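Enquirer: Pasting in a structure now, in structure tokens, and then I'll have a few things to ask.
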Amino acid sequence: MTADLPHGLDPARMPGHVAVIMDGNGRWAKGKGWERINGHKRGAEAVRTVTTCSARWGVRRLTLYAFSTENWQRPALEVEGLMRLLADYLDHELPTLMDNGVRLTVIGQPERLPERVRERLRRVMDATAGNARMTLALALSYGGREEIAGACRRIAAQVAAGSLDPAAITPETVAAHLDDPAGGEVDCVIRTAGEHRLSNFLPWQAIYAEYVTTPVLWPDMDEAAYAACLREFQRRERRFGGVEAGGTSRFRSPSPA
Ligand code: FPP
């Protein structure tokens, strides 16, 4: 069920799974002569906007790159500020997630996060577990190579235990051992701030995703800017390595609502 779809967006061609590299918070703040953390704060507001638009417009899964494994290298003060912001977001977001039927989940290495963030994550994930309109996956301390290495470790353990024949390992086996196998394929990766890098984001799940880049800095991402990205996605012809438009991947992405 889609509501108030912006002009030019086709409800039948909404991406089931959108994944976003939220870039440009620092530049946004710098442009105003402010500390970087203010860019992240405004970025958290854009998270709310894009989450609610996605749920209303029929996206079934939204994965947001909120903190990468590489982000631990940032100055301690910025990392601390981001963790505080995350805790704050989790303290205040539950009503919006409930109103929009959004289930929260996490991919990455949440065990590396401070306990105060982990405790809030558990609380919001438990409270939203029954919501079925859309899943919001926060990628936290996430790295795509680390995720694939984790899948390899889980598969190797089964081989070592004698319960899995190495000859039976297929791409589907790997997909089934990723952080959240239910996430499926990504249809559309959006990167803001005019950058054109993958930055270790969902390398397994996004091989047939359409990449949309926008010059908009993440804190400026509003309904109109997000709708423009989705219109760009809908202009693409997806062939999945075949010759005909409208082909499909052998892996499944969540079906649009
Ligand atoms: C990249 O911008 C952004 C991040 C590393 C953090 C993303 C965090 C948020 C959007 C806010 C908090 C998240 C949630 C879910 C509440 P950058 O700092 O690298 O920007 P720059 O390239 O302009 O310096």
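Please note that chains go A, B, ... in the order of the structure tokens, that every chain numbers its residues from 1, and that ligands are numbered from 1 in the order shown.
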Which chain A residues have any atom within 10 Å of an atom of ligand 1, and for each, what is the nearest pair of atoms with distance in Å to one decimal, counting only C-alpha atoms and all ligand atoms, rows sorted by chain and number, as CSV?

Expert:
```
residue,atom,partner,partner_atom_place_in_ligand_line,distance
A:Val20,CA,ligand 1,10 (C),10.0
A:Ile21,CA,ligand 1,1 (C),7.6
A:Met22,CA,ligand 1,3 (C),5.3
A:Asp23,CA,ligand 1,1 (C),4.0
A:Gly24,CA,ligand 1,23 (O),3.3
A:Asn25,CA,ligand 1,20 (O),4.0
A:Gly26,CA,ligand 1,24 (O),3.6
A:Arg27,CA,ligand 1,23 (O),3.6
A:Trp28,CA,ligand 1,23 (O),6.3
A:Ala29,CA,ligand 1,23 (O),8.0
A:Lys30,CA,ligand 1,23 (O),8.1
A:Gly31,CA,ligand 1,23 (O),9.6
A:Arg36,CA,ligand 1,18 (O),6.9
A:Ile37,CA,ligand 1,18 (O),8.3
A:Asn38,CA,ligand 1,11 (C),9.6
A:Gly39,CA,ligand 1,18 (O),7.4
A:His40,CA,ligand 1,11 (C),4.5
A:Lys41,CA,ligand 1,11 (C),6.0
A:Arg42,CA,ligand 1,11 (C),7.3
A:Gly43,CA,ligand 1,10 (C),4.1
A:Ala44,CA,ligand 1,11 (C),4.2
A:Glu45,CA,ligand 1,16 (C),7.6
A:Ala46,CA,ligand 1,10 (C),7.3
A:Val47,CA,ligand 1,15 (C),6.1
A:Arg48,CA,ligand 1,16 (C),8.2
A:Leu64,CA,ligand 1,15 (C),7.2
A:Tyr65,CA,ligand 1,7 (C),6.8
A:Ala66,CA,ligand 1,7 (C),4.4
A:Phe67,CA,ligand 1,5 (C),5.5
A:Ser68,CA,ligand 1,5 (C),7.1
A:Glu70,CA,ligand 1,5 (C),9.2
A:Asn71,CA,ligand 1,5 (C),6.4
A:Trp72,CA,ligand 1,5 (C),9.7
A:Arg74,CA,ligand 1,5 (C),9.0
A:Glu78,CA,ligand 1,18 (O),9.1
A:Val79,CA,ligand 1,5 (C),9.2
A:Gly81,CA,ligand 1,12 (C),9.4
A:Leu82,CA,ligand 1,12 (C),6.2
A:Met83,CA,ligand 1,12 (C),8.2
A:Arg84,CA,ligand 1,12 (C),9.2
A:Leu85,CA,ligand 1,12 (C),6.0
A:Leu86,CA,ligand 1,16 (C),4.7
A:Ala87,CA,ligand 1,16 (C),8.0
A:Asp88,CA,ligand 1,16 (C),7.8
A:Tyr89,CA,ligand 1,16 (C),5.1
A:Leu90,CA,ligand 1,16 (C),7.6
A:Glu93,CA,ligand 1,16 (C),9.2
A:Leu136,CA,ligand 1,15 (C),9.9
A:Ala137,CA,ligand 1,15 (C),9.5
A:Leu138,CA,ligand 1,15 (C),6.6
A:Ala139,CA,ligand 1,15 (C),8.6
A:Leu140,CA,ligand 1,15 (C),8.7
A:Thr192,CA,ligand 1,2 (O),9.1
A:Ala193,CA,ligand 1,23 (O),7.2
A:Gly194,CA,ligand 1,22 (O),10.0
A:Glu195,CA,ligand 1,22 (O),8.8
A:Leu217,CA,ligand 1,23 (O),7.6
A:Trp218,CA,ligand 1,10 (C),7.0
A:Pro219,CA,ligand 1,10 (C),7.5
```

Enquirer: Quick one: residues within 8 Å of Leu5 (chain A), only C-alpha atoms counted, chain neighbours fewer than 3 positions away excluded, as a count of residues only?

Expert: 5

Enquirer: Identify which of the residues A:Ala206, A:Ala156, A:Ile169, A:Ile190 lies closest to Phe233 (chain A), counting only C-alpha atoms when measuring atom-to-atom distances.

Expert: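 Using only C-alpha atoms, Phe233 (chain A) sits closest to A:Ile190.
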
Enquirer: Might you pull out every residue within 12 Å of Asp91 (chain A), with only C-alpha atoms counted and same-chain residues fewer than 6 positions away left off, and present them as a PyMOL selection string?

Expert: chain A and resi 84-85+97+116-124

Enquirer: Mind pulling up the distance from CA of Ala19 (chain A) to CA of Glu210 (chain A)?

Expert: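 Going from CA of Glu210 (chain A) over to CA of Ala19 (chain A), I get 10.3 Å.
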
Enquirer: Running DSSP on the backbone, which parts of region 11-213 of chain A land in strand (DSSP E), as a ChimeraX atom specification?

Expert: /A:17-21,61-68,102-108,134-142,188-191,210-213

Enquirer: Near region 147-151 of chain A, within 10 Å and counting only C-alpha atoms, which residues show up once chain neighbours fewer than 3 positions away are dropped, as a VMD selection string?

Expert: chain A and resid 107 to 109 142 to 144 154 to 157 173 to 180 200 to 204

Enquirer: Please write the residues from the selection above to a file, keeping N, CA and C atoms, as a tab-separated table (two decimals), in the first residue's frame.

Expert:
```
chain	number	residue	atom	x	y	z
A	107	ILE	N	22.79	-4.63	10.96
A	107	ILE	CA	23.82	-5.49	10.37
A	107	ILE	C	25.17	-4.89	10.75
A	108	GLY	N	26.20	-5.73	10.74
A	108	GLY	CA	27.53	-5.26	11.12
A	108	GLY	C	27.99	-5.94	12.39
A	109	GLN	N	28.70	-5.16	13.20
A	109	GLN	CA	29.26	-5.73	14.43
A	109	GLN	C	28.75	-4.92	15.63
A	142	TYR	N	29.81	-1.62	10.35
A	142	TYR	CA	29.61	-2.54	9.23
A	142	TYR	C	30.74	-2.41	8.21
A	143	GLY	N	31.19	-3.55	7.72
A	143	GLY	CA	32.11	-3.60	6.59
A	143	GLY	C	31.73	-4.80	5.75
A	144	GLY	N	31.62	-4.60	4.45
A	144	GLY	CA	31.18	-5.69	3.59
A	144	GLY	C	32.15	-6.87	3.59
A	154	ARG	N	31.30	-19.03	9.45
A	154	ARG	CA	30.14	-19.86	9.85
A	154	ARG	C	30.04	-21.10	8.96
A	155	ILE	N	30.33	-20.93	7.68
A	155	ILE	CA	30.28	-22.08	6.76
A	155	ILE	C	31.42	-23.05	7.08
A	156	ALA	N	32.62	-22.50	7.33
A	156	ALA	CA	33.78	-23.36	7.62
A	156	ALA	C	33.52	-24.18	8.89
A	157	ALA	N	32.84	-23.58	9.86
A	157	ALA	CA	32.56	-24.32	11.10
A	157	ALA	C	31.68	-25.54	10.81
A	173	THR	N	24.49	-20.59	-0.50
A	173	THR	CA	24.98	-20.95	0.84
A	173	THR	C	25.59	-19.71	1.50
A	174	VAL	N	26.41	-18.98	0.73
A	174	VAL	CA	27.05	-17.78	1.29
A	174	VAL	C	25.97	-16.77	1.68
A	175	ALA	N	25.02	-16.54	0.77
A	175	ALA	CA	23.95	-15.56	1.04
A	175	ALA	C	23.20	-15.91	2.32
A	176	ALA	N	23.03	-17.20	2.56
A	176	ALA	CA	22.26	-17.63	3.73
A	176	ALA	C	23.03	-17.45	5.04
A	177	HIS	N	24.34	-17.14	4.95
A	177	HIS	CA	25.13	-16.98	6.17
A	177	HIS	C	25.60	-15.55	6.38
A	178	LEU	N	25.05	-14.61	5.62
A	178	LEU	CA	25.38	-13.19	5.83
A	178	LEU	C	24.70	-12.71	7.12
A	179	ASP	N	24.99	-11.46	7.51
A	179	ASP	CA	24.48	-10.96	8.80
A	179	ASP	C	22.97	-11.08	8.91
A	180	ASP	N	22.24	-10.72	7.84
A	180	ASP	CA	20.79	-10.84	7.85
A	180	ASP	C	20.33	-11.37	6.50
A	200	ASN	N	33.06	-0.26	0.76
A	200	ASN	CA	32.88	-1.49	1.55
A	200	ASN	C	31.43	-1.70	1.99
A	201	PHE	N	30.48	-1.21	1.18
A	201	PHE	CA	29.06	-1.27	1.55
A	201	PHE	C	28.35	-2.35	0.74
A	202	LEU	N	27.89	-3.38	1.38
A	202	LEU	CA	27.04	-4.42	0.80
A	202	LEU	C	27.59	-4.98	-0.52
A	203	PRO	N	28.89	-5.34	-0.57
A	203	PRO	CA	29.45	-5.80	-1.84
A	203	PRO	C	28.79	-7.08	-2.35
A	204	TRP	N	28.29	-7.92	-1.45
A	204	TRP	CA	27.64	-9.15	-1.90
A	204	TRP	C	26.23	-8.86	-2.43
```

Enquirer: By how many Å are CA of Ser141 (chain A) and CA of Glu111 (chain A) apart?

Expert: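 Distance reported for this atom pair: 8.8 Å.
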
Enquirer: For each of A:Gly33, A:Gly58, A:Pro95, A:Gly183, take the minimum atom-to-atom distance to Pro15 (chain A), counting only C-alpha atoms, then give the residue where this is smallest.

Expert: A:Gly58

Enquirer: Hey, can you check how far CA of Asn100 (chain A) sits from CA of Pro181 (chain A)?

Expert: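 CA of Pro181 (chain A) lies at a distance of 23.3 Å from CA of Asn100 (chain A).
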
Enquirer: Using DSSP on the backbone coordinates, identify all residues within region 194-229 of chain A classified as alpha helix (DSSP H); present the result as a list of chain:residue names.

Expert: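 Filtering region 194-229 of chain A down to alpha helix (DSSP H) leaves A:Glu223, A:Ala224, A:Ala225, A:Tyr226, A:Ala227, A:Ala228, A:Cys229.
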